[in-house]
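Source file: work_6.cif. Holds: mmCIF, C-alpha atoms.
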```cif
data_my_file
loop_
_atom_site.label_atom_id
_atom_site.label_comp_id
_atom_site.auth_asym_id
_atom_site.auth_seq_id
_atom_site.Cartn_x
_atom_site.Cartn_y
_atom_site.Cartn_z
CA MET A 1 -33.29 3.06 -6.50
CA ASP A 2 -35.96 5.73 -6.80
CA GLU A 3 -34.23 8.29 -4.57
CA GLU A 4 -31.98 11.15 -5.69
CA TYR A 5 -28.38 11.29 -4.50
CA ASP A 6 -25.69 13.93 -4.39
CA ALA A 7 -23.19 11.37 -5.69
CA VAL A 8 -23.20 7.85 -7.07
CA VAL A 9 -19.86 6.03 -6.72
CA LEU A 10 -19.24 3.14 -9.14
CA GLY A 11 -16.78 0.41 -8.16
CA THR A 12 -15.44 -0.55 -4.75
CA GLY A 13 -11.74 -0.25 -5.47
CA LEU A 14 -9.73 1.46 -2.76
CA LYS A 15 -9.84 4.89 -4.41
CA GLU A 16 -13.62 4.76 -4.84
CA CYS A 17 -14.19 3.56 -1.26
CA ILE A 18 -12.00 6.34 0.14
CA LEU A 19 -13.94 8.89 -1.93
CA SER A 20 -17.26 7.41 -0.81
CA GLY A 21 -16.21 7.75 2.82
CA MET A 22 -14.93 11.31 2.36
CA LEU A 23 -18.08 12.43 0.51
CA SER A 24 -20.37 10.89 3.15
CA VAL A 25 -18.38 12.48 5.97
CA SER A 26 -18.71 15.82 4.14
CA GLY A 27 -22.49 15.57 4.30
CA LYS A 28 -23.19 14.25 0.79
CA LYS A 29 -25.93 11.69 0.19
CA VAL A 30 -24.00 8.82 -1.43
CA LEU A 31 -25.04 5.64 -3.24
CA HIS A 32 -22.18 3.20 -3.86
CA ILE A 33 -22.64 0.48 -6.51
CA ASP A 34 -20.39 -2.35 -7.68
CA ARG A 35 -21.10 -4.82 -10.46
CA ASN A 36 -19.06 -7.45 -8.55
CA LYS A 37 -20.18 -9.52 -5.58
CA TYR A 38 -17.09 -8.52 -3.58
CA TYR A 39 -15.34 -5.36 -2.39
CA GLY A 40 -12.03 -4.17 -3.76
CA GLY A 41 -12.31 -4.26 -7.55
CA GLU A 42 -8.78 -4.30 -8.99
CA SER A 43 -7.34 -3.90 -5.49
CA ALA A 44 -9.18 -6.89 -3.97
CA SER A 45 -7.62 -9.55 -1.76
CA ILE A 46 -8.44 -13.02 -3.09
CA THR A 47 -9.45 -15.81 -0.69
CA PRO A 48 -9.52 -18.79 -0.55
CA LEU A 49 -6.37 -19.70 -2.48
CA GLN A 50 -8.41 -21.87 -4.86
CA ASP A 51 -10.07 -18.69 -6.19
CA LEU A 52 -6.67 -17.22 -7.07
CA PHE A 53 -5.63 -20.35 -8.99
CA GLU A 54 -9.01 -20.43 -10.73
CA ARG A 55 -8.75 -16.73 -11.63
CA PHE A 56 -5.49 -17.45 -13.48
CA LYS A 57 -6.78 -20.73 -14.96
CA ALA A 58 -4.23 -22.80 -13.02
CA PRO A 59 -4.88 -26.33 -11.68
CA PRO A 60 -6.33 -26.28 -8.12
CA PRO A 61 -3.73 -25.90 -5.34
CA ASP A 62 -2.73 -29.05 -3.44
CA GLU A 63 -3.72 -28.53 0.22
CA THR A 64 -1.01 -30.97 1.31
CA ILE A 65 1.46 -28.37 0.02
CA TYR A 66 -0.30 -25.00 0.45
CA CYS A 67 -2.37 -25.93 3.56
CA LYS A 68 -5.91 -24.61 3.95
CA GLY A 69 -7.09 -22.27 1.19
CA ARG A 70 -8.84 -20.06 3.77
CA ASP A 71 -5.46 -19.26 5.33
CA TRP A 72 -4.62 -17.15 2.27
CA ASN A 73 -5.58 -13.56 1.38
CA VAL A 74 -3.64 -12.63 -1.75
CA ASP A 75 -3.63 -9.01 -2.90
CA LEU A 76 -3.96 -8.49 -6.64
CA ILE A 77 -2.21 -5.12 -6.30
CA PRO A 78 -0.20 -5.11 -3.05
CA LYS A 79 0.99 -1.73 -1.82
CA PHE A 80 2.52 -0.56 1.44
CA LEU A 81 1.43 2.48 3.46
CA MET A 82 4.00 5.11 4.39
CA ALA A 83 3.70 5.35 8.18
CA ASN A 84 3.59 9.15 8.17
CA GLY A 85 1.99 9.50 4.73
CA SER A 86 -1.31 10.91 3.51
CA LEU A 87 -3.24 7.62 3.53
CA VAL A 88 -2.32 6.77 7.12
CA LYS A 89 -3.26 10.31 8.18
CA LEU A 90 -6.55 9.86 6.34
CA LEU A 91 -7.13 6.51 8.08
CA ILE A 92 -6.46 8.05 11.49
CA LYS A 93 -8.41 11.25 10.93
CA THR A 94 -11.45 9.47 9.51
CA GLY A 95 -11.42 6.80 12.22
CA VAL A 96 -11.06 3.90 9.78
CA THR A 97 -8.25 2.52 11.98
CA ARG A 98 -10.97 1.23 14.32
CA TYR A 99 -11.72 -1.47 11.72
CA LEU A 100 -8.13 -2.41 10.85
CA GLU A 101 -4.94 -3.72 12.38
CA PHE A 102 -1.50 -2.92 10.95
CA LYS A 103 1.94 -4.44 11.14
CA SER A 104 5.25 -2.72 10.38
CA VAL A 105 7.11 -3.91 7.27
CA GLU A 106 10.50 -5.23 8.33
CA GLY A 107 12.87 -3.86 5.71
CA SER A 108 13.39 -1.36 2.91
CA TYR A 109 16.07 -2.24 0.37
CA VAL A 110 17.58 -0.98 -2.87
CA TYR A 111 19.27 -2.89 -5.70
CA LYS A 112 22.75 -1.96 -6.94
CA SER A 113 25.02 -3.91 -9.30
CA GLY A 114 23.20 -7.20 -8.75
CA LYS A 115 23.11 -6.98 -4.94
CA ILE A 116 20.51 -5.88 -2.37
CA TYR A 117 21.35 -3.23 0.22
CA LYS A 118 19.41 -1.74 3.12
CA VAL A 119 18.35 1.82 2.33
CA PRO A 120 20.38 4.18 4.58
CA VAL A 121 18.26 7.00 5.91
CA ASP A 122 20.17 8.70 8.73
CA GLN A 123 23.74 9.79 9.44
CA LYS A 124 24.64 6.61 11.35
CA GLU A 125 23.33 4.29 8.63
CA ALA A 126 24.98 6.38 5.90
CA LEU A 127 28.40 5.89 7.48
CA ALA A 128 27.82 2.14 8.01
CA SER A 129 26.31 1.37 4.60
CA ASP A 130 28.09 -0.83 2.05
CA LEU A 131 26.32 1.06 -0.74
CA MET A 132 29.02 3.73 -0.87
CA GLY A 133 32.74 4.19 -0.55
CA MET A 134 34.24 5.98 2.46
CA PHE A 135 34.39 9.50 0.99
CA GLU A 136 30.95 9.18 -0.63
CA LYS A 137 29.50 8.13 2.73
CA ARG A 138 30.65 11.42 4.25
CA ARG A 139 29.24 13.45 1.36
CA PHE A 140 25.91 11.63 1.67
CA ARG A 141 25.93 12.12 5.45
CA ASN A 142 26.37 15.88 4.94
CA PHE A 143 23.52 15.85 2.43
CA LEU A 144 21.20 14.10 4.93
CA VAL A 145 22.13 16.58 7.69
CA PHE A 146 21.23 19.43 5.32
CA VAL A 147 17.91 17.79 4.37
CA GLN A 148 16.89 17.21 7.98
CA ASP A 149 17.77 20.78 9.01
CA PHE A 150 16.20 22.42 5.94
CA ASP A 151 13.21 24.68 6.56
CA GLU A 152 11.75 26.50 3.58
CA ASN A 153 10.63 29.31 5.90
CA ASP A 154 14.01 29.79 7.57
CA PRO A 155 16.71 31.22 5.21
CA ARG A 156 19.40 30.34 7.77
CA THR A 157 18.93 26.65 6.80
CA TRP A 158 19.20 27.17 3.03
CA LYS A 159 23.01 27.06 2.81
CA ASP A 160 23.28 29.11 -0.39
CA ILE A 161 20.43 27.36 -2.25
CA ASP A 162 17.39 29.21 -3.52
CA PRO A 163 14.21 27.16 -2.73
CA LYS A 164 12.40 28.80 -5.64
CA ARG A 165 15.11 28.12 -8.22
CA THR A 166 17.53 25.34 -7.23
CA THR A 167 16.80 21.96 -8.83
CA ILE A 168 17.50 18.69 -7.08
CA GLN A 169 20.21 17.92 -9.65
CA GLU A 170 21.95 21.16 -8.68
CA LEU A 171 21.63 20.23 -4.99
CA TYR A 172 23.12 16.78 -5.61
CA ASP A 173 26.00 18.43 -7.47
CA LYS A 174 26.53 20.94 -4.66
CA PHE A 175 27.15 18.07 -2.24
CA GLY A 176 29.19 16.13 -4.80
CA LEU A 177 26.96 13.03 -4.74
CA ASP A 178 27.84 10.45 -7.39
CA LYS A 179 25.29 8.96 -9.81
CA ASN A 180 24.74 5.78 -7.76
CA THR A 181 23.97 7.81 -4.62
CA GLN A 182 21.65 10.08 -6.59
CA ASP A 183 19.97 6.93 -7.90
CA PHE A 184 19.01 5.37 -4.58
CA THR A 185 18.23 8.77 -3.00
CA GLY A 186 15.73 9.68 -5.71
CA HIS A 187 14.17 6.24 -6.15
CA ALA A 188 14.42 4.45 -2.79
CA LEU A 189 14.12 7.45 -0.43
CA ALA A 190 12.13 10.06 -2.38
CA LEU A 191 10.28 7.27 -4.25
CA TYR A 192 10.28 8.83 -7.70
CA ARG A 193 9.39 6.39 -10.49
CA ASP A 194 11.79 7.78 -13.09
CA ASP A 195 14.48 10.46 -13.48
CA ASP A 196 12.19 13.26 -14.71
CA TYR A 197 12.32 14.66 -11.17
CA LEU A 198 15.98 15.71 -11.52
CA ASN A 199 14.99 19.00 -13.13
CA THR A 200 12.28 19.84 -10.58
CA LEU A 201 12.75 22.05 -7.53
CA ALA A 202 14.88 20.53 -4.79
CA THR A 203 12.29 21.40 -2.14
CA GLU A 204 9.86 18.67 -3.27
CA THR A 205 12.53 15.98 -3.08
CA ILE A 206 13.61 17.28 0.33
CA GLU A 207 10.03 16.93 1.59
CA ARG A 208 9.79 13.40 0.20
CA ILE A 209 13.02 12.34 1.93
CA LYS A 210 11.79 13.89 5.18
CA LEU A 211 8.52 11.95 4.86
CA TYR A 212 10.48 8.70 4.45
CA SER A 213 12.69 9.55 7.44
CA ASP A 214 9.77 10.63 9.65
CA SER A 215 7.85 7.48 8.74
CA LEU A 216 10.85 5.32 9.60
CA ALA A 217 11.24 7.08 12.95
CA ARG A 218 7.72 6.03 14.01
CA TYR A 219 8.24 2.28 13.92
CA GLY A 220 11.98 1.69 13.43
CA LYS A 221 12.40 -1.19 10.98
CA SER A 222 11.09 0.51 7.83
CA PRO A 223 8.83 3.43 6.94
CA TYR A 224 6.05 1.11 5.75
CA LEU A 225 2.93 -0.47 7.25
CA TYR A 226 0.69 -3.23 5.93
CA PRO A 227 -2.80 -4.25 7.13
CA LEU A 228 -3.35 -7.71 8.60
CA TYR A 229 -5.45 -9.89 6.26
CA GLY A 230 -4.36 -7.85 3.24
CA LEU A 231 -5.35 -4.66 1.48
CA GLY A 232 -8.90 -5.89 0.87
CA GLU A 233 -9.60 -4.72 4.40
CA LEU A 234 -8.96 -1.07 3.44
CA PRO A 235 -11.87 -0.60 0.99
CA GLN A 236 -14.19 -2.30 3.47
CA GLY A 237 -13.00 -0.01 6.27
CA PHE A 238 -13.84 3.10 4.23
CA ALA A 239 -17.14 1.49 3.15
CA ARG A 240 -18.09 1.13 6.82
CA LEU A 241 -17.16 4.77 7.38
CA SER A 242 -19.44 5.79 4.51
CA ALA A 243 -22.28 3.68 5.92
CA ILE A 244 -21.92 5.30 9.35
CA TYR A 245 -22.45 8.69 7.70
CA GLY A 246 -25.49 7.53 5.72
CA GLY A 247 -23.93 6.01 2.60
CA THR A 248 -25.89 3.23 0.85
CA TYR A 249 -24.14 0.21 -0.72
CA MET A 250 -25.24 -2.18 -3.46
CA LEU A 251 -22.98 -5.06 -4.54
CA ASP A 252 -23.67 -7.37 -7.50
CA LYS A 253 -25.62 -4.58 -9.22
CA PRO A 254 -25.04 -4.17 -12.97
CA VAL A 255 -24.42 -0.68 -14.29
CA ASP A 256 -25.78 -0.33 -17.83
CA GLU A 257 -25.52 3.39 -18.50
CA ILE A 258 -24.49 6.73 -17.09
CA VAL A 259 -27.39 8.96 -18.10
CA LEU A 260 -26.64 12.49 -19.31
CA GLU A 261 -28.79 15.59 -19.66
CA GLY A 262 -26.96 17.64 -22.25
CA ASN A 263 -23.29 17.26 -21.33
CA LYS A 264 -23.94 16.77 -17.62
CA VAL A 265 -24.68 13.61 -15.66
CA MET A 266 -28.21 13.23 -14.27
CA GLY A 267 -28.33 9.58 -13.26
CA VAL A 268 -27.18 5.98 -13.49
CA ARG A 269 -29.23 3.19 -15.09
CA SER A 270 -29.27 -0.43 -13.95
CA GLY A 271 -31.69 -2.49 -16.02
CA SER A 272 -34.98 -0.58 -16.09
CA GLU A 273 -34.13 1.43 -12.96
CA VAL A 274 -32.58 4.90 -13.06
CA VAL A 275 -31.22 6.58 -9.94
CA ARG A 276 -30.89 10.35 -10.21
CA CYS A 277 -27.70 12.05 -9.04
CA LYS A 278 -25.69 15.26 -9.36
CA GLN A 279 -22.27 13.60 -9.67
CA VAL A 280 -20.66 10.26 -10.52
CA TYR A 281 -17.29 9.04 -9.20
CA CYS A 282 -15.90 5.86 -10.77
CA ASP A 283 -12.94 3.80 -11.92
CA PRO A 284 -12.01 3.64 -15.65
CA SER A 285 -13.81 0.33 -16.29
CA TYR A 286 -17.22 2.02 -15.97
CA VAL A 287 -16.52 4.74 -18.56
CA THR A 288 -14.29 3.30 -21.26
CA ASP A 289 -15.23 6.12 -23.65
CA ARG A 290 -13.99 8.79 -21.21
CA VAL A 291 -10.49 7.44 -20.54
CA LYS A 292 -7.30 7.01 -22.55
CA LYS A 293 -4.73 4.25 -22.35
CA THR A 294 -1.34 5.74 -21.46
CA GLY A 295 0.67 2.59 -20.78
CA GLN A 296 0.70 -0.89 -19.25
CA VAL A 297 1.78 -2.41 -15.93
CA ILE A 298 3.06 -5.96 -15.47
CA ARG A 299 2.64 -7.67 -12.11
CA CYS A 300 3.83 -11.12 -11.08
CA ILE A 301 2.43 -12.66 -7.88
CA CYS A 302 4.84 -15.30 -6.57
CA LEU A 303 4.14 -17.86 -3.82
CA LEU A 304 7.31 -18.77 -1.89
CA ASP A 305 8.00 -21.26 0.90
CA HIS A 306 10.97 -19.17 2.07
CA PRO A 307 11.80 -15.47 2.56
CA ILE A 308 13.57 -13.61 -0.23
CA PRO A 309 17.31 -14.41 0.05
CA ASN A 310 19.84 -11.81 1.21
CA ILE A 311 17.46 -9.71 3.32
CA LYS A 312 18.40 -11.26 6.67
CA ASP A 313 15.29 -13.50 6.74
CA ALA A 314 12.95 -10.50 6.89
CA LEU A 315 9.31 -11.60 6.91
CA SER A 316 8.27 -8.54 4.88
CA CYS A 317 10.12 -6.01 2.77
CA GLN A 318 10.23 -3.67 -0.20
CA ILE A 319 13.06 -3.74 -2.74
CA ILE A 320 13.37 -1.01 -5.36
CA ILE A 321 15.45 -1.61 -8.49
CA PRO A 322 16.26 1.88 -9.84
CA GLN A 323 15.85 2.23 -13.59
CA LYS A 324 19.51 2.93 -14.39
CA GLN A 325 20.66 -0.22 -12.62
CA VAL A 326 18.95 -2.33 -15.29
CA ASN A 327 19.06 0.12 -18.25
CA ARG A 328 15.38 1.04 -18.11
CA LYS A 329 13.25 4.18 -18.11
CA SER A 330 11.22 3.19 -15.03
CA ASP A 331 11.89 1.34 -11.77
CA ILE A 332 11.12 -2.29 -10.93
CA TYR A 333 9.38 -2.89 -7.59
CA VAL A 334 9.55 -6.00 -5.41
CA SER A 335 7.44 -6.49 -2.27
CA GLN A 336 7.13 -9.38 0.17
CA VAL A 337 4.56 -10.14 2.87
CA SER A 338 4.03 -13.37 4.78
CA TYR A 339 2.03 -15.55 7.13
CA THR A 340 2.78 -13.03 9.91
CA HIS A 341 0.35 -10.65 8.15
CA GLN A 342 -2.37 -13.34 8.06
CA VAL A 343 -2.22 -13.40 4.24
CA ALA A 344 -0.60 -16.84 3.78
CA ALA A 345 -0.46 -20.25 5.42
CA LYS A 346 2.16 -20.81 8.14
CA GLY A 347 5.68 -20.70 6.69
CA TRP A 348 4.59 -19.18 3.35
CA PHE A 349 5.44 -15.86 1.69
CA ILE A 350 3.87 -13.80 -1.10
CA ALA A 351 6.14 -11.72 -3.31
CA MET A 352 5.11 -9.30 -6.04
CA VAL A 353 7.31 -7.98 -8.84
CA SER A 354 5.94 -5.10 -10.91
CA THR A 355 6.98 -2.43 -13.35
CA THR A 356 5.75 -0.17 -16.12
CA VAL A 357 5.89 -2.02 -19.45
CA GLU A 358 8.45 -0.61 -21.92
CA THR A 359 8.86 -3.39 -24.51
CA CYS A 360 6.90 -6.12 -26.30
CA ASP A 361 8.32 -8.69 -23.83
CA PRO A 362 7.02 -7.60 -20.40
CA GLU A 363 7.98 -10.82 -18.58
CA ASN A 364 11.62 -10.36 -19.52
CA GLU A 365 11.46 -6.81 -18.13
CA ILE A 366 10.74 -8.06 -14.60
CA LYS A 367 13.43 -10.76 -14.73
CA PRO A 368 15.87 -8.74 -12.53
CA GLY A 369 13.21 -8.73 -9.80
CA ILE A 370 12.22 -12.38 -10.29
CA ASP A 371 15.88 -13.40 -10.06
CA LEU A 372 16.06 -11.96 -6.52
CA LEU A 373 13.32 -14.25 -5.18
CA GLY A 374 15.04 -17.64 -5.18
CA ARG A 375 12.88 -20.75 -5.69
CA ILE A 376 9.27 -19.92 -6.72
CA LYS A 377 6.53 -22.50 -6.05
CA GLN A 378 3.86 -20.78 -8.15
CA LYS A 379 3.58 -17.53 -10.07
CA PHE A 380 0.72 -15.61 -11.68
CA VAL A 381 1.41 -12.91 -14.27
CA THR A 382 -0.89 -10.10 -15.39
CA VAL A 383 -0.34 -7.28 -17.85
CA SER A 384 -2.87 -4.49 -17.23
CA ASP A 385 -3.62 -1.41 -19.30
CA TYR A 386 -3.08 1.87 -17.47
CA TYR A 387 -5.89 4.39 -18.02
CA GLU A 388 -6.25 8.08 -17.23
CA PRO A 389 -9.35 10.28 -17.63
CA ILE A 390 -9.54 12.35 -20.81
CA ASN A 391 -10.59 15.46 -18.88
CA ASP A 392 -10.98 16.71 -15.29
CA GLY A 393 -14.72 15.92 -15.13
CA THR A 394 -15.88 19.37 -14.04
CA GLU A 395 -18.14 19.87 -17.09
CA SER A 396 -19.85 16.46 -17.05
CA GLN A 397 -19.53 16.01 -13.25
CA ILE A 398 -18.17 12.51 -13.92
CA PHE A 399 -14.94 12.15 -11.92
CA ILE A 400 -12.74 9.22 -12.90
CA SER A 401 -9.76 7.76 -11.04
CA SER A 402 -6.58 6.65 -12.81
CA SER A 403 -5.56 2.99 -12.89
CA TYR A 404 -3.15 1.69 -10.24
CA ASP A 405 0.50 2.18 -11.14
CA ALA A 406 3.43 -0.21 -10.65
CA THR A 407 4.63 1.27 -7.35
CA THR A 408 4.49 -0.77 -4.14
CA HIS A 409 3.45 2.20 -1.99
CA PHE A 410 0.31 4.34 -1.80
CA GLY A 411 1.74 7.83 -2.47
CA THR A 412 0.25 8.25 -5.95
CA THR A 413 -3.04 6.59 -4.93
CA CYS A 414 -3.71 9.13 -2.19
CA ASP A 415 -2.67 12.06 -4.40
CA ASP A 416 -5.26 10.96 -7.00
CA VAL A 417 -8.04 10.63 -4.40
CA LEU A 418 -7.42 14.06 -2.85
CA ASP A 419 -7.24 15.67 -6.30
CA ILE A 420 -10.55 14.07 -7.38
CA PHE A 421 -12.23 15.19 -4.15
CA LEU A 422 -11.02 18.75 -4.70
CA ARG A 423 -12.28 18.79 -8.30
CA GLY A 424 -15.62 17.27 -7.33
CA THR A 425 -16.41 19.43 -4.32
CA GLY A 426 -14.35 22.55 -4.97
CA GLU A 427 -12.77 22.27 -1.53
CA HIS A 428 -10.09 20.38 0.34
CA PHE A 429 -11.34 17.60 2.62
CA ASP A 430 -12.19 18.92 6.08
CA PHE A 431 -10.97 16.38 8.63
CA SER A 432 -12.72 18.27 11.43
CA LYS A 433 -16.07 16.97 10.13
CA VAL A 434 -15.15 13.46 11.26
CA LYS A 435 -16.58 12.60 14.68
CA LEU A 436 -14.01 10.24 16.16
CA GLU A 437 -15.14 7.68 18.69
CA GLY A 438 -13.18 6.70 21.76
CA GLY A 439 -10.26 4.44 21.07
CA ASP A 440 -9.37 5.78 17.64
CA GLU A 441 -5.64 6.12 17.47
CA GLU A 442 -2.62 5.53 15.32
CA PRO A 443 -2.28 2.14 13.66
#
```
Please lay out the structure from this file as structure tokens.
Amino acid sequence: MDEEYDAVVLGTGLKECILSGMLSVSGKKVLHIDRNKYYGGESASITPLQDLFERFKAPPPDETIYCKGRDWNVDLIPKFLMANGSLVKLLIKTGVTRYLEFKSVEGSYVYKSGKIYKVPVDQKEALASDLMGMFEKRRFRNFLVFVQDFDENDPRTWKDIDPKRTTIQELYDKFGLDKNTQDFTGHALALYRDDDYLNTLATETIERIKLYSDSLARYGKSPYLYPLYGLGELPQGFARLSAIYGGTYMLDKPVDEIVLEGNKVMGVRSGSEVVRCKQVYCDPSYVTDRVKKTGQVIRCICLLDHPIPNIKDALSCQIIIPQKQVNRKSDIYVSQVSYTHQVAAKGWFIAMVSTTVETCDPENEIKPGIDLLGRIKQKFVTVSDYYEPINDGTESQIFISSSYDATTHFGTTCDDVLDIFLRGTGEHFDFSKVKLEGGDEEP
């Protein structure tokens, strides 16, 4: 560790591995260190199954019930990839897809009045959906036609709205959409986590709905993708990308101190060794004095021997429970993957229920999601603190990612990574610097 690096990255969570790959591709000399023996950090996939039970201090799993432990890869923080979203584009552009295989998620659902409904996303589905009454279906269909035709650069498509002034609430009102329709549009299509978005410009929500629709159009069943063998494959894919471009990796390496010169980072100390660097990129656990707790997230991993009821036996799905449906300030998220994704033994399913904590009884908060799952063979509950950096890092050159939120998709994760890269380098990531090899293509 006697060399000098442009950047030292601490932690091998997904965000840090993406940043390591992007920095290496951009010509930076990168050293990547993790105190753990494994990749993934908070976003690791745990295998064999015995390790998951041990992690939660549960009795060892019975192999006569759960089959071989090595057949399981259980994500601690499962999230789906939007097929046309930023992370998939990043995977394709950087060539990481050469290391990974993806499978389409079978269904996208929304909760209303105690029942689960498929999320309608086009005119045909809007008219067939049981989510709405007959007249509301037609109003929603007209709204979707407007959204699909809308072009911010073509005033002929604006239909009397002002892109620089009209809020999404005003747009909903213009089309006469009722509160239930607004609810699933904002939370299950545009994927907002709460209702603060209602007073923002309509154009952002329109773009989010278009992203959902475009992603759905690519694979048909839902807009989401999921990697075979779990999300733990993603950090490793970006780690390989970094290594190809000269990045150096050290696992099981303690980090004792980030060394400053004045107010600016100059190195990282491990034991008696100090590696010099110009910048540090890390997750909150490495710099507890430079982050603030802004909330908590509860997650419940559930092992099932059947698919979630009432979703037509789908082998994978996402269900969003909008906040107003259960008198909350934030949504509840339910995801399901299965043996078809090589993450569970044959015939087994893994469900996750998560939300932002709002009370002193987090487990009761996720009950509406748990109640959707049917019989649960085993569950593991965690309540994690949510941390954000105190400042933007430009003075100290220490750039810190936020904790992972309760969502079951990667939208906010990718936004955080691209923002950190911009702050750290002063420029947007240049995809043209990636030299793709033959065979790199869409997942």
List the spatial neighbours of range 391-407 of chain A as a PDB file with C-alpha atoms, in the coordinates of the input - criterion: any atom at most 7 Å away, all atoms listed in the file, same-chain residues fewer than 4 positions off excluded.
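Output below, filename around_38.pdb:
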```
ATOM      1  CA  ASN A 263     -23.290  17.260 -21.330  1.00  0.00           C
ATOM      2  CA  LYS A 264     -23.940  16.770 -17.620  1.00  0.00           C
ATOM      3  CA  VAL A 265     -24.680  13.610 -15.660  1.00  0.00           C
ATOM      4  CA  GLN A 279     -22.270  13.600  -9.670  1.00  0.00           C
ATOM      5  CA  VAL A 280     -20.660  10.260 -10.520  1.00  0.00           C
ATOM      6  CA  TYR A 281     -17.290   9.040  -9.200  1.00  0.00           C
ATOM      7  CA  CYS A 282     -15.900   5.860 -10.770  1.00  0.00           C
ATOM      8  CA  ASP A 283     -12.940   3.800 -11.920  1.00  0.00           C
ATOM      9  CA  PRO A 284     -12.010   3.640 -15.650  1.00  0.00           C
ATOM     10  CA  VAL A 297       1.780  -2.410 -15.930  1.00  0.00           C
ATOM     11  CA  TYR A 333       9.380  -2.890  -7.590  1.00  0.00           C
ATOM     12  CA  SER A 354       5.940  -5.100 -10.910  1.00  0.00           C
ATOM     13  CA  THR A 355       6.980  -2.430 -13.350  1.00  0.00           C
ATOM     14  CA  THR A 356       5.750  -0.170 -16.120  1.00  0.00           C
ATOM     15  CA  TYR A 386      -3.080   1.870 -17.470  1.00  0.00           C
ATOM     16  CA  TYR A 387      -5.890   4.390 -18.020  1.00  0.00           C
ATOM     17  CA  ASP A 416      -5.260  10.960  -7.000  1.00  0.00           C
ATOM     18  CA  ILE A 420     -10.550  14.070  -7.380  1.00  0.00           C
ATOM     19  CA  ARG A 423     -12.280  18.790  -8.300  1.00  0.00           C
ATOM     20  CA  GLY A 424     -15.620  17.270  -7.330  1.00  0.00           C
TER      21      GLY A 424
END
```
*Which residue out of A:Ala202, A:Ser270, A:Lys346, A:Tyr117 has the minimum interatomic distance to Trp158 in chain A when all atoms listed in the file are used?*
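Of the candidates, the smallest distance to Trp158 in chain A is held by A:Ala202.
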* To do: Return the single residue from A:Ser330, A:Ser213, A:Thr205, A:Thr47 that is closest to Pro120 in chain A, with distances computed using only C-alpha atoms.
  =>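 Checking each candidate against Pro120 in chain A, we get A:Ser213 as the closest.
The space separating CA of Arg139 in chain A from CA of Gly114 in chain A comes to 23.8 Å.
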On this file, the PyMOL selection byres ((chain A and resi 132-134) around 12) gives some set of residues; write that set as a PDB file with C-alpha atoms, keeping the file's coordinate frame.
```pdb
ATOM      1  CA  LYS A 112      22.750  -1.960  -6.940  1.00  0.00           C
ATOM      2  CA  TYR A 117      21.350  -3.230   0.220  1.00  0.00           C
ATOM      3  CA  LYS A 118      19.410  -1.740   3.120  1.00  0.00           C
ATOM      4  CA  VAL A 119      18.350   1.820   2.330  1.00  0.00           C
ATOM      5  CA  PRO A 120      20.380   4.180   4.580  1.00  0.00           C
ATOM      6  CA  GLU A 125      23.330   4.290   8.630  1.00  0.00           C
ATOM      7  CA  ALA A 126      24.980   6.380   5.900  1.00  0.00           C
ATOM      8  CA  LEU A 127      28.400   5.890   7.480  1.00  0.00           C
ATOM      9  CA  ALA A 128      27.820   2.140   8.010  1.00  0.00           C
ATOM     10  CA  SER A 129      26.310   1.370   4.600  1.00  0.00           C
ATOM     11  CA  ASP A 130      28.090  -0.830   2.050  1.00  0.00           C
ATOM     12  CA  LEU A 131      26.320   1.060  -0.740  1.00  0.00           C
ATOM     13  CA  PHE A 135      34.390   9.500   0.990  1.00  0.00           C
ATOM     14  CA  GLU A 136      30.950   9.180  -0.630  1.00  0.00           C
ATOM     15  CA  LYS A 137      29.500   8.130   2.730  1.00  0.00           C
ATOM     16  CA  ARG A 138      30.650  11.420   4.250  1.00  0.00           C
ATOM     17  CA  ARG A 139      29.240  13.450   1.360  1.00  0.00           C
ATOM     18  CA  PHE A 140      25.910  11.630   1.670  1.00  0.00           C
ATOM     19  CA  ARG A 141      25.930  12.120   5.450  1.00  0.00           C
ATOM     20  CA  LEU A 177      26.960  13.030  -4.740  1.00  0.00           C
ATOM     21  CA  ASP A 178      27.840  10.450  -7.390  1.00  0.00           C
ATOM     22  CA  LYS A 179      25.290   8.960  -9.810  1.00  0.00           C
ATOM     23  CA  ASN A 180      24.740   5.780  -7.760  1.00  0.00           C
ATOM     24  CA  THR A 181      23.970   7.810  -4.620  1.00  0.00           C
ATOM     25  CA  GLN A 182      21.650  10.080  -6.590  1.00  0.00           C
ATOM     26  CA  ASP A 183      19.970   6.930  -7.900  1.00  0.00           C
ATOM     27  CA  PHE A 184      19.010   5.370  -4.580  1.00  0.00           C
TER      28      PHE A 184
END
```
ask   = Evaluating the PyMOL selection byres ((chain A and resi 370) around 10) on the displayed file yields which residues, as a PyMOL selection string?
value = chain A and resi 300+302+334+351-354+363-369+371-376
**Asked** If you count only C-alpha atoms, which residues fall within 10 Å of Leu171 in chain A, apart from same-chain ones fewer than 6 positions away, as an NGL selection string?
**Response** :A and (143 or 161 or 177 or 198 or 201-203)
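Around Gly237 in chain A, within 6 Å and counting all atoms listed in the file, the residues found are Val96, Tyr99, Leu234 and Arg240 of chain A, once anything fewer than 3 positions away on its own chain is removed.
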Applying 10 Å and only C-alpha atoms, which residues near Lys103 in chain A remain after dropping the ones on its own chain fewer than 2 positions away? List them as a list in words.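 Close residues of Lys103 in chain A: Glu101, Val105, Glu106, Tyr219, Tyr224, Leu225, Tyr226, Pro227, Leu228, Ser316, Thr340, His341 and Pro443 of chain A.
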**Prompt:** For the file shown, what are the residues hit by the PyMOL selection byres ((chain A and resi 210-212) around 7), laid out as a VMD selection string?
**Reply:** chain A and resid 84 to 85 148 189 206 to 209 213 to 216 223
